[in-house]
>>> print(open('start21.cif').read())   # mmCIF, C-alpha atoms and all ligand atoms
data_coords
#
loop_
_atom_site.label_atom_id
_atom_site.label_comp_id
_atom_site.auth_asym_id
_atom_site.auth_seq_id
_atom_site.Cartn_x
_atom_site.Cartn_y
_atom_site.Cartn_z
CA MET A 1 114.99 99.74 73.05
CA PRO A 2 115.62 97.36 76.00
CA ARG A 3 112.60 95.33 77.08
CA ALA A 4 110.92 95.33 80.45
CA TYR A 5 107.66 94.07 81.95
CA GLY A 6 105.58 96.49 83.95
CA PHE A 7 102.20 98.10 84.47
CA THR A 8 100.71 101.14 82.79
CA GLU A 9 98.46 102.28 85.64
CA TYR A 10 97.54 101.13 89.15
CA GLY A 11 95.12 98.21 89.00
CA GLY A 12 94.83 94.51 88.23
CA PRO A 13 96.82 92.18 85.95
CA GLU A 14 95.15 93.77 82.90
CA THR A 15 97.42 96.79 83.40
CA GLN A 16 100.56 94.68 82.84
CA GLU A 17 102.49 94.57 79.56
CA LEU A 18 105.87 94.01 77.96
CA MET A 19 107.28 97.47 77.21
CA GLY A 20 110.33 99.14 75.69
CA VAL A 21 112.18 101.37 78.16
CA PRO A 22 115.37 103.40 77.71
CA LYS A 23 118.54 101.95 79.22
CA PRO A 24 118.85 103.72 82.60
CA THR A 25 121.87 105.81 83.62
CA PRO A 26 123.29 105.04 87.08
CA GLY A 27 123.21 107.80 89.70
CA PRO A 28 126.35 108.45 91.78
CA THR A 29 125.79 105.49 94.17
CA GLU A 30 124.12 103.11 91.69
CA LEU A 31 125.09 100.18 89.49
CA LEU A 32 123.67 99.66 86.01
CA VAL A 33 122.98 95.92 85.90
CA ALA A 34 122.31 93.75 82.86
CA VAL A 35 119.70 91.53 84.46
CA ARG A 36 120.05 87.76 84.11
CA ALA A 37 117.25 86.82 86.52
CA ALA A 38 114.62 88.59 88.61
CA GLY A 39 112.85 87.28 91.70
CA VAL A 40 109.03 87.45 91.80
CA ASN A 41 107.39 88.46 95.08
CA PRO A 42 103.94 89.23 96.48
CA ALA A 43 105.16 92.82 96.91
CA ASP A 44 105.26 93.15 93.11
CA TRP A 45 101.52 92.76 92.59
CA LYS A 46 100.85 94.83 95.73
CA VAL A 47 102.84 97.70 94.18
CA ARG A 48 100.91 97.31 90.90
CA ALA A 49 97.61 97.35 92.81
CA GLY A 50 98.63 100.61 94.52
CA LEU A 51 98.72 98.99 97.98
CA ARG A 52 102.33 100.02 98.70
CA ARG A 53 102.22 103.67 97.60
CA ASP A 54 103.40 104.85 101.02
CA VAL A 55 106.56 102.68 101.07
CA VAL A 56 107.26 102.15 97.36
CA PRO A 57 106.20 105.32 95.54
CA VAL A 58 106.18 104.66 91.79
CA GLU A 59 104.74 106.66 88.92
CA PRO A 60 103.14 104.34 86.30
CA PRO A 61 104.09 103.28 83.70
CA ALA A 62 106.54 101.43 85.90
CA VAL A 63 108.62 98.27 85.68
CA LEU A 64 107.76 95.47 88.13
CA GLY A 65 110.18 93.65 90.43
CA ARG A 66 112.25 94.37 93.48
CA GLU A 67 115.23 91.98 93.28
CA VAL A 68 117.66 90.85 90.60
CA ALA A 69 120.90 89.11 89.78
CA GLY A 70 123.01 90.09 86.81
CA VAL A 71 126.23 91.59 85.49
CA VAL A 72 127.36 95.15 86.22
CA GLU A 73 127.58 97.18 83.04
CA ALA A 74 128.49 100.58 84.53
CA VAL A 75 128.94 102.14 87.97
CA GLY A 76 128.12 105.60 89.37
CA GLN A 77 130.97 108.00 90.14
CA ASP A 78 130.86 107.46 93.94
CA VAL A 79 130.66 103.65 93.87
CA ASP A 80 133.45 101.75 95.60
CA GLY A 81 133.91 97.99 95.53
CA PHE A 82 132.04 97.19 92.31
CA ALA A 83 133.21 97.37 88.70
CA ALA A 84 131.85 96.61 85.24
CA GLY A 85 131.78 92.86 84.68
CA ASP A 86 131.06 91.93 88.31
CA GLU A 87 128.31 89.36 88.85
CA VAL A 88 126.02 90.83 91.50
CA PHE A 89 122.59 90.49 93.11
CA GLY A 90 120.43 92.67 95.32
CA TYR A 91 117.48 95.03 95.57
CA THR A 92 116.50 97.30 92.70
CA ALA A 93 116.94 101.03 93.35
CA PRO A 94 113.85 103.17 94.11
CA GLY A 95 112.00 103.86 90.85
CA SER A 96 113.65 100.90 89.07
CA GLY A 97 112.13 97.48 88.40
CA GLY A 98 113.72 94.07 88.10
CA TYR A 99 111.62 92.45 85.35
CA ALA A 100 113.83 94.09 82.74
CA GLU A 101 116.91 93.66 80.57
CA PHE A 102 118.59 96.49 82.49
CA THR A 103 117.97 97.95 85.92
CA LEU A 104 119.59 100.12 88.58
CA VAL A 105 120.73 98.75 91.92
CA ASN A 106 122.04 100.84 94.79
CA ALA A 107 125.58 99.67 95.59
CA SER A 108 124.77 99.65 99.32
CA GLN A 109 121.99 97.10 98.65
CA ALA A 110 123.99 94.82 96.35
CA ALA A 111 126.59 92.10 96.86
CA LYS A 112 128.86 90.07 94.61
CA LYS A 113 127.37 86.75 93.57
CA PRO A 114 129.46 83.78 94.68
CA THR A 115 130.44 81.73 91.63
CA GLN A 116 128.81 78.61 93.13
CA VAL A 117 125.41 80.34 93.21
CA SER A 118 123.37 80.45 89.99
CA PHE A 119 121.87 83.72 88.76
CA THR A 120 118.40 82.26 89.24
CA ASP A 121 119.04 81.38 92.88
CA ALA A 122 120.87 84.67 93.55
CA ALA A 123 117.93 86.67 92.19
CA THR A 124 115.75 85.37 95.03
CA LEU A 125 118.04 85.96 98.00
CA ALA A 126 117.37 89.62 98.79
CA VAL A 127 113.67 89.37 99.54
CA GLY A 128 112.84 85.71 100.27
CA ALA A 129 115.87 84.20 102.01
CA GLY A 130 116.89 87.64 103.29
CA THR A 131 113.60 88.10 105.11
CA ALA A 132 113.82 84.56 106.48
CA TYR A 133 117.36 85.19 107.75
CA ASP A 134 116.43 88.51 109.39
CA GLY A 135 113.34 87.00 111.02
CA ILE A 136 115.09 83.93 112.40
CA ARG A 137 117.84 86.13 113.91
CA GLN A 138 115.23 88.48 115.36
CA LEU A 139 113.44 85.62 117.13
CA ALA A 140 116.73 84.53 118.72
CA LEU A 141 115.48 81.02 119.50
CA THR A 142 117.83 78.40 120.88
CA GLU A 143 118.31 74.71 120.25
CA GLY A 144 115.34 72.61 121.32
CA GLN A 145 112.78 75.43 121.11
CA THR A 146 109.76 75.29 118.82
CA LEU A 147 108.73 77.55 115.93
CA LEU A 148 105.52 77.73 113.93
CA ILE A 149 106.03 79.11 110.41
CA ASN A 150 102.66 80.33 109.19
CA GLY A 151 102.82 79.81 105.40
CA ILE A 152 105.84 77.50 105.22
CA GLY A 153 105.61 76.63 101.53
CA GLY A 154 106.30 80.04 99.97
CA GLY A 155 109.37 82.11 99.19
CA VAL A 156 110.18 83.18 102.75
CA GLY A 157 108.88 80.06 104.53
CA VAL A 158 111.10 77.52 102.77
CA SER A 159 114.24 79.41 103.77
CA ALA A 160 113.03 80.16 107.30
CA ALA A 161 112.39 76.44 107.83
CA GLN A 162 115.92 75.47 106.81
CA LEU A 163 117.57 78.19 108.89
CA ALA A 164 115.56 77.25 111.98
CA ARG A 165 116.16 73.51 111.51
CA ASP A 166 119.90 74.09 111.32
CA LEU A 167 119.77 75.86 114.71
CA GLY A 168 118.22 72.74 116.22
CA ILE A 169 114.75 74.28 116.42
CA PHE A 170 111.69 72.04 116.00
CA VAL A 171 109.66 73.50 113.11
CA ILE A 172 105.95 73.16 112.45
CA GLY A 173 104.66 74.85 109.31
CA THR A 174 101.15 75.66 108.18
CA GLY A 175 100.30 75.19 104.53
CA SER A 176 97.99 73.42 102.14
CA GLU A 177 98.22 69.64 101.73
CA HIS A 178 100.16 70.34 98.47
CA LYS A 179 103.06 71.55 100.60
CA ARG A 180 103.38 68.46 102.85
CA GLU A 181 106.20 66.78 100.95
CA LEU A 182 108.08 70.06 100.61
CA ALA A 183 107.74 70.85 104.32
CA GLU A 184 108.92 67.37 105.29
CA SER A 185 111.92 67.65 102.95
CA LEU A 186 112.89 70.75 104.95
CA GLY A 187 112.71 68.79 108.21
CA ALA A 188 109.42 70.40 109.27
CA THR A 189 106.02 68.99 110.23
CA LEU A 190 103.13 70.29 108.12
CA VAL A 191 99.81 71.27 109.67
CA THR A 192 97.11 72.09 107.15
CA TYR A 193 95.18 75.30 107.66
CA GLY A 194 91.96 74.03 106.04
CA ASP A 195 88.88 76.13 105.43
CA GLY A 196 89.05 79.38 107.36
CA GLY A 197 91.86 78.08 109.53
CA SER A 198 89.60 77.88 112.59
CA ASP A 199 90.91 74.62 113.99
CA VAL A 200 94.53 74.90 112.91
CA ALA A 201 95.60 75.72 116.47
CA ASP A 202 94.01 72.48 117.72
CA ARG A 203 95.97 70.53 115.12
CA VAL A 204 99.20 72.19 116.26
CA ARG A 205 98.38 71.44 119.92
CA ALA A 206 97.89 67.79 118.99
CA ILE A 207 101.61 67.80 118.14
CA MET A 208 102.76 70.40 120.71
CA PRO A 209 100.31 70.37 123.67
CA GLY A 210 102.10 73.32 125.32
CA GLY A 211 101.98 75.48 122.19
CA VAL A 212 105.10 76.86 120.51
CA ASP A 213 107.85 79.26 121.53
CA ALA A 214 107.47 81.56 118.51
CA VAL A 215 105.44 82.27 115.38
CA PHE A 216 106.99 83.53 112.13
CA ASP A 217 103.96 84.71 110.18
CA LEU A 218 103.91 84.95 106.38
CA VAL A 219 100.15 85.13 105.80
CA GLY A 220 98.62 87.64 108.22
CA GLY A 221 94.97 88.48 108.98
CA ASP A 222 92.73 85.72 110.31
CA ALA A 223 95.36 83.10 109.52
CA LEU A 224 97.66 84.82 112.02
CA ARG A 225 94.86 85.34 114.57
CA ALA A 226 94.14 81.59 114.37
CA VAL A 227 97.64 80.65 115.58
CA ALA A 228 98.70 83.64 117.72
CA GLY A 229 97.36 82.06 120.92
CA LEU A 230 99.82 79.19 120.58
CA VAL A 231 102.60 81.47 121.89
CA LYS A 232 102.82 82.46 125.56
CA ASP A 233 105.08 85.45 124.95
CA GLY A 234 103.45 87.70 122.32
CA SER A 235 106.76 89.41 121.58
CA LYS A 236 107.78 86.14 119.92
CA ILE A 237 105.29 86.71 117.11
CA ILE A 238 106.83 88.36 114.06
CA SER A 239 105.18 88.97 110.72
CA ALA A 240 106.48 89.85 107.28
CA ALA A 241 102.95 89.84 105.87
CA ASP A 242 100.89 91.80 108.40
CA PRO A 243 102.76 93.63 111.18
CA ALA A 244 99.58 95.39 112.36
CA THR A 245 97.90 92.11 113.28
CA ALA A 246 101.11 90.85 114.93
CA GLN A 247 101.07 94.00 117.07
CA GLU A 248 97.54 93.16 118.30
CA PHE A 249 99.19 90.23 120.10
CA GLY A 250 102.34 92.05 121.28
CA GLY A 251 104.36 91.02 118.25
CA SER A 252 106.15 93.04 115.59
CA ALA A 253 107.27 93.33 111.99
CA VAL A 254 110.32 91.49 110.70
CA GLU A 255 113.07 94.09 110.85
CA ARG A 256 114.90 94.03 107.55
CA ASP A 257 118.61 94.50 106.98
CA ARG A 258 119.18 95.20 103.28
CA SER A 259 122.93 95.80 103.53
CA THR A 260 125.65 94.37 101.32
CA GLN A 261 126.98 92.47 104.32
CA ARG A 262 123.65 90.80 105.06
CA LEU A 263 123.20 89.85 101.40
CA ALA A 264 126.68 88.33 101.39
CA GLU A 265 125.94 86.31 104.56
CA VAL A 266 122.83 84.82 102.98
CA ALA A 267 124.60 84.06 99.69
CA ALA A 268 127.43 82.33 101.56
CA LEU A 269 124.90 79.88 103.04
CA VAL A 270 123.67 79.04 99.55
CA ALA A 271 127.22 78.76 98.19
CA THR A 272 128.15 76.25 100.89
CA GLY A 273 125.00 74.17 100.39
CA LYS A 274 123.43 75.07 103.74
CA LEU A 275 120.46 76.89 102.23
CA ASP A 276 118.39 76.17 99.11
CA PRO A 277 115.97 78.95 98.14
CA HIS A 278 113.85 76.34 96.30
CA VAL A 279 113.29 77.96 92.94
CA SER A 280 110.27 76.06 91.64
CA ASP A 281 109.71 77.77 88.31
CA ILE A 282 111.84 79.79 85.89
CA VAL A 283 109.86 81.77 83.34
CA PRO A 284 111.19 83.91 80.44
CA LEU A 285 110.64 87.69 80.50
CA GLU A 286 108.01 87.39 77.75
CA ARG A 287 105.90 85.32 80.17
CA ALA A 288 106.50 87.48 83.24
CA GLY A 289 102.73 87.87 83.63
CA ASP A 290 102.39 84.11 84.20
CA ALA A 291 105.14 84.25 86.82
CA LEU A 292 103.45 87.05 88.71
CA HIS A 293 100.07 85.33 88.39
CA ALA A 294 101.51 82.24 90.10
CA VAL A 295 102.63 84.35 93.07
CA GLU A 296 99.49 86.51 93.12
CA SER A 297 97.42 83.33 93.51
CA GLY A 298 98.72 83.27 97.10
CA HIS A 299 99.80 79.63 96.91
CA ALA A 300 103.30 79.77 95.43
CA ARG A 301 105.77 76.94 96.05
CA GLY A 302 109.20 78.27 97.03
CA LYS A 303 110.39 81.00 94.66
CA VAL A 304 109.34 81.89 91.12
CA VAL A 305 112.02 83.53 88.95
CA ILE A 306 112.02 85.40 85.65
CA ALA A 307 114.99 84.58 83.38
CA VAL A 308 115.98 87.64 81.39
CA SER A 309 119.14 87.32 79.34
CA THR A 310 119.11 85.84 75.87
CA GLY A 311 122.09 83.73 76.90
CA GLY A 312 119.89 82.00 79.48
CA ALA A 313 120.09 82.43 83.22
CA GLY A 314 121.38 79.66 85.36
N1 LIG A 401 108.61 93.08 104.79
C1 LIG A 401 109.37 92.45 103.93
O1 LIG A 401 110.53 92.83 103.69
C2 LIG A 401 108.82 91.23 103.23
C3 LIG A 401 109.69 90.42 102.52
C4 LIG A 401 109.20 89.26 101.94
C5 LIG A 401 107.84 88.95 102.03
N2 LIG A 401 107.00 89.79 102.70
C6 LIG A 401 105.57 89.44 102.80
O2 LIG A 401 105.48 88.19 103.49
C7 LIG A 401 104.42 87.40 102.94
C8 LIG A 401 104.97 86.03 102.48
O3 LIG A 401 105.88 86.22 101.42
P1 LIG A 401 106.31 84.97 100.53
O4 LIG A 401 107.24 85.48 99.49
O5 LIG A 401 106.73 83.84 101.37
O6 LIG A 401 104.87 84.61 99.86
P2 LIG A 401 104.46 83.40 98.93
O7 LIG A 401 105.66 82.88 98.21
O8 LIG A 401 103.27 83.85 98.19
O9 LIG A 401 104.05 82.25 99.98
C9 LIG A 401 102.94 82.31 100.81
C10 LIG A 401 102.61 80.86 101.22
O10 LIG A 401 101.55 80.83 102.16
C11 LIG A 401 100.69 79.72 101.88
N3 LIG A 401 99.36 80.05 102.40
C12 LIG A 401 98.37 80.75 101.80
N4 LIG A 401 97.33 80.91 102.64
C13 LIG A 401 97.68 80.33 103.80
C14 LIG A 401 97.05 80.17 105.07
N5 LIG A 401 95.81 80.64 105.30
N6 LIG A 401 97.73 79.55 106.06
C15 LIG A 401 98.98 79.07 105.84
N7 LIG A 401 99.62 79.16 104.66
C16 LIG A 401 98.99 79.80 103.67
C17 LIG A 401 100.76 79.55 100.39
O11 LIG A 401 100.59 78.27 99.81
P3 LIG A 401 99.58 77.09 100.27
O12 LIG A 401 98.25 77.75 100.50
O13 LIG A 401 99.55 76.12 99.13
O14 LIG A 401 100.18 76.48 101.49
C18 LIG A 401 102.18 80.00 100.05
O15 LIG A 401 103.08 78.91 99.97
C19 LIG A 401 103.80 88.25 101.84
O16 LIG A 401 102.71 88.98 102.38
C20 LIG A 401 104.91 89.21 101.45
O17 LIG A 401 104.42 90.41 100.88
C21 LIG A 401 107.46 90.91 103.31
#
>>> encode(input="start21.cif", output="structure tokens", more="lines below")
Ligand SMILES: NC(=O)c1ccc[n+]([C@@H]2O[C@H](COP(=O)([O-])OP(=O)(O)OC[C@H]3O[C@@H](n4cnc5c(N)ncnc54)[C@H](OP(=O)(O)O)[C@@H]3O)[C@@H](O)[C@H]2O)c1
Amino acid sequence: MPRAYGFTEYGGPETQELMGVPKPTPGPTELLVAVRAAGVNPADWKVRAGLRRDVVPVEPPAVLGREVAGVVEAVGQDVDGFAAGDEVFGYTAPGSGGYAEFTLVNASQAAKKPTQVSFTDAATLAVGAGTAYDGIRQLALTEGQTLLINGIGGGVGVSAAQLARDLGIFVIGTGSEHKRELAESLGATLVTYGDGGSDVADRVRAIMPGGVDAVFDLVGGDALRAVAGLVKDGSKIISAADPATAQEFGGSAVERDRSTQRLAEVAALVATGKLDPHVSDIVPLERAGDALHAVESGHARGKVVIAVSTGGAG
């Protein structure tokens, strides 16, 4: 039976295990994908903990993971534009998980993987770089403006920093001291958030006395409250982590576009060397629990990926 890594009931990491699951059959609009790599995201542990039941309804036992790259093995009867053998990446279909040898992907949320992009990079583009791309477009900043990325060192932040920099935007990012070198390599200035984050705004004002033009929040809660006052126009606060708190200040959620076209746009940036999703760790499926633990710690560096195929992802 094909292997997968999932959770047996809602709860903590102790509910996770490697499991055997039947090879799924694609529905009319779905692709059956032999997974080569799966991206690991904070959403994965939130689903396991039962915190996303309203948006991601799953019935445990369930396979973890929301994004993959792999090779199409079969297509549903209504699928156009994809065929067996295509190298693809995208979001897993509702009810399917990515930490698995096989998964289902809806054709409308998949794109062909450019040959220049590795499976391990491609597996991270739907959620991390995709959210960064959507958020930067939503903010619609222009050259010379300033952006604070709250949580610059993680999966979304590293891509958001590069996309903003390439538009000529001055980027400040909050993060731990461990992320300084990474932030600087992305052309950003790191401001540490410290204990409780109470004086982080003062440290930003020491660099930008007039505050910033926008905040792209990837942490939420008090960490967002600590920096929200740096923006004059509250509508220029967007959050992928905590839309409710962004709304307290007149901001909003990052509006996601999960279409094939958007996925292809993001992949083209990687293929041409304009965007690096910064995969920091590649872990085999047998050690998927370690990969998720690294992200669940809340202090991930770039993206963590699970390599699935026996032939090796890359
Ligand atoms: N709506 C969507 O479609 C969508 C998509 C993607 C992500 N998200 C959400 O967006 C959030 C970020 O995702 P991600 O993948 O970038 O997460 P991630 O990879 O876990 O990165 C979060 C980063 O924030 C830093 N951090 C932690 N506490 C901080 C604080 N108080 N101040 C500043 N930085 C802090 C962490 O490292 P250091 O502490 O070492 O700096 C880490 O690098 C998550 O809540 C995720 O669920 C939503």
>>> closest_residue(input="start21.cif", among="A:Arg137, A:Arg48, A:Lys236, A:His178", to="ligand LIG 401 (chain A)", atoms="all atoms listed in the file")
A:His178
>>> closest_residue(input="start21.cif", among="A:Ala161, A:Phe102, A:Val212, A:Pro24", to="Arg36 (chain A)", atoms="all atoms listed in the file")
A:Phe102
>>> residues_around(input="start21.cif", residues="Thr131 (chain A)", least_positions_apart="3", cutoff="10 Å", atoms="only C-alpha atoms", output="PyMOL selection string")
chain A and resi 125-128+134-137+155-157+159-160+240+254-258
>>> residues_around(input="start21.cif", residues="Leu147 (chain A)", least_positions_apart="6", cutoff="7 Å", atoms="all atoms listed in the file", output="VMD selection string")
chain A and resid 169 to 172 212 to 215
>>> residues_near_ligand(input="start21.cif", ligand="ligand LIG 401 (chain A)", cutoff="7 Å", atoms="all atoms listed in the file", output="short mmCIF file (atom, residue, chain, number, x, y, z; two decimals) with C-alpha atoms, in the coordinates of the input")
data_model
loop_
_atom_site.label_atom_id
_atom_site.label_comp_id
_atom_site.auth_asym_id
_atom_site.auth_seq_id
_atom_site.Cartn_x
_atom_site.Cartn_y
_atom_site.Cartn_z
CA ASN A 41 107.39 88.46 95.08
CA PRO A 42 103.94 89.23 96.48
CA ALA A 43 105.16 92.82 96.91
CA VAL A 127 113.67 89.37 99.54
CA GLY A 128 112.84 85.71 100.27
CA THR A 131 113.60 88.10 105.11
CA ASN A 150 102.66 80.33 109.19
CA GLY A 151 102.82 79.81 105.40
CA ILE A 152 105.84 77.50 105.22
CA GLY A 153 105.61 76.63 101.53
CA GLY A 154 106.30 80.04 99.97
CA GLY A 155 109.37 82.11 99.19
CA VAL A 156 110.18 83.18 102.75
CA GLY A 157 108.88 80.06 104.53
CA THR A 174 101.15 75.66 108.18
CA GLY A 175 100.30 75.19 104.53
CA SER A 176 97.99 73.42 102.14
CA HIS A 178 100.16 70.34 98.47
CA LYS A 179 103.06 71.55 100.60
CA TYR A 193 95.18 75.30 107.66
CA GLY A 197 91.86 78.08 109.53
CA LEU A 218 103.91 84.95 106.38
CA VAL A 219 100.15 85.13 105.80
CA ALA A 223 95.36 83.10 109.52
CA ALA A 240 106.48 89.85 107.28
CA ALA A 241 102.95 89.84 105.87
CA ASP A 242 100.89 91.80 108.40
CA VAL A 254 110.32 91.49 110.70
CA ARG A 256 114.90 94.03 107.55
CA VAL A 295 102.63 84.35 93.07
CA GLU A 296 99.49 86.51 93.12
CA GLY A 298 98.72 83.27 97.10
CA HIS A 299 99.80 79.63 96.91
CA ALA A 300 103.30 79.77 95.43
CA ARG A 301 105.77 76.94 96.05
CA GLY A 302 109.20 78.27 97.03
CA LYS A 303 110.39 81.00 94.66
#
>>> residues_around(input="start21.cif", residues="region 59-76 of chain A", least_positions_apart="4", cutoff="6 Å", atoms="only C-alpha atoms", output="PyMOL selection string")
chain A and resi 5-9+26-39+44+84-92+97-99+119+122-123
>>> atom_distance(input="start21.cif", atom1="CA of Val117 (chain A)", atom2="CA of Ala267 (chain A)")
7.5 Å
>>> atom_distance(input="start21.cif", atom1="CA of Val79 (chain A)", atom2="CA of Lys23 (chain A)")
19.1 Å
>>> atom_distance(input="start21.cif", atom1="CA of Glu143 (chain A)", atom2="CA of Leu167 (chain A)")
5.8 Å
>>> residues_around(input="start21.cif", residues="region 268-284 of chain A", least_positions_apart="6", cutoff="7 Å", atoms="all atoms listed in the file", output="compact mmCIF listing (two decimals) with C-alpha atoms, keeping the file's coordinate frame")
# COMPACT_ATOMS: atom_id res chain seq x y z
CA PRO A 114 129.46 83.78 94.68
CA GLN A 116 128.81 78.61 93.13
CA VAL A 117 125.41 80.34 93.21
CA ASP A 121 119.04 81.38 92.88
CA ALA A 129 115.87 84.20 102.01
CA VAL A 158 111.10 77.52 102.77
CA SER A 159 114.24 79.41 103.77
CA GLN A 162 115.92 75.47 106.81
CA ALA A 291 105.14 84.25 86.82
CA ARG A 301 105.77 76.94 96.05
CA GLY A 302 109.20 78.27 97.03
CA LYS A 303 110.39 81.00 94.66
CA VAL A 304 109.34 81.89 91.12
CA VAL A 305 112.02 83.53 88.95
CA ILE A 306 112.02 85.40 85.65
CA ALA A 307 114.99 84.58 83.38
CA VAL A 308 115.98 87.64 81.39
>>> closest_residue(input="start21.cif", among="A:Leu51, A:Ala294, A:Leu139, A:Ala4", to="Ala100 (chain A)", atoms="all atoms listed in the file")
A:Ala4
>>> closest_residue(input="start21.cif", among="A:Gln145, A:Ser259, A:Gln16, A:Ser185", to="Asn106 (chain A)", atoms="all atoms listed in the file")
A:Ser259
>>> closest_residue(input="start21.cif", among="A:Ser309, A:Asp54, A:Ala107, A:Val231", to="Asp78 (chain A)", atoms="all atoms listed in the file")
A:Ala107
>>> closest_residue(input="start21.cif", among="A:Arg287, A:His293, A:Lys46, A:Arg205", to="Val191 (chain A)", atoms="all atoms listed in the file")
A:Arg205
>>> residues_around(input="start21.cif", residues="Thr260 (chain A)", least_positions_apart="3", cutoff="8 Å", atoms="all atoms listed in the file", output="PyMOL selection string")
chain A and resi 107-111+263-264
>>> axis_aligned_box(input="start21.cif", around="region 291-300 of chain A", padding_each_side="4 Å", output="lines of an AutoDock Vina configuration file")
center_x = 101.3
center_y = 83.3
center_z = 92.0
size_x = 15.7
size_y = 15.4
size_z = 18.3
>>> build_atoms(input="start21.cif", residues="region 211-226 of chain A", atoms="N, CA and C atoms", output="short mmCIF file (atom, residue, chain, number, x, y, z; two decimals), in the coordinates of the input")
data_model
loop_
_atom_site.label_atom_id
_atom_site.label_comp_id
_atom_site.auth_asym_id
_atom_site.auth_seq_id
_atom_site.Cartn_x
_atom_site.Cartn_y
_atom_site.Cartn_z
N GLY A 211 101.83 74.37 123.14
CA GLY A 211 101.98 75.48 122.19
C GLY A 211 103.41 75.55 121.68
N VAL A 212 103.76 76.69 121.10
CA VAL A 212 105.10 76.86 120.51
C VAL A 212 105.79 78.06 121.13
N ASP A 213 107.10 78.14 120.95
CA ASP A 213 107.85 79.26 121.53
C ASP A 213 107.77 80.52 120.67
N ALA A 214 107.50 80.38 119.38
CA ALA A 214 107.47 81.56 118.51
C ALA A 214 106.65 81.27 117.26
N VAL A 215 106.13 82.35 116.67
CA VAL A 215 105.44 82.27 115.38
C VAL A 215 106.11 83.23 114.41
N PHE A 216 106.47 82.71 113.24
CA PHE A 216 106.99 83.53 112.13
C PHE A 216 105.87 83.53 111.11
N ASP A 217 105.16 84.65 111.01
CA ASP A 217 103.96 84.71 110.18
C ASP A 217 104.26 85.25 108.79
N LEU A 218 103.72 84.54 107.77
CA LEU A 218 103.91 84.95 106.38
C LEU A 218 102.57 85.03 105.66
N VAL A 219 101.49 85.09 106.41
CA VAL A 219 100.15 85.13 105.80
C VAL A 219 99.35 86.32 106.33
N GLY A 220 99.32 86.49 107.63
CA GLY A 220 98.62 87.64 108.22
C GLY A 220 97.13 87.42 108.41
N GLY A 221 96.43 88.48 108.83
CA GLY A 221 94.97 88.48 108.98
C GLY A 221 94.48 87.36 109.88
N ASP A 222 93.34 86.76 109.48
CA ASP A 222 92.73 85.72 110.31
C ASP A 222 93.62 84.49 110.44
N ALA A 223 94.46 84.25 109.43
CA ALA A 223 95.36 83.10 109.52
C ALA A 223 96.38 83.30 110.64
N LEU A 224 96.76 84.54 110.89
CA LEU A 224 97.66 84.82 112.02
C LEU A 224 96.88 84.77 113.33
N ARG A 225 95.69 85.37 113.34
CA ARG A 225 94.86 85.34 114.57
C ARG A 225 94.62 83.90 115.01
N ALA A 226 94.46 82.99 114.04
CA ALA A 226 94.14 81.59 114.37
C ALA A 226 95.26 80.90 115.11
#
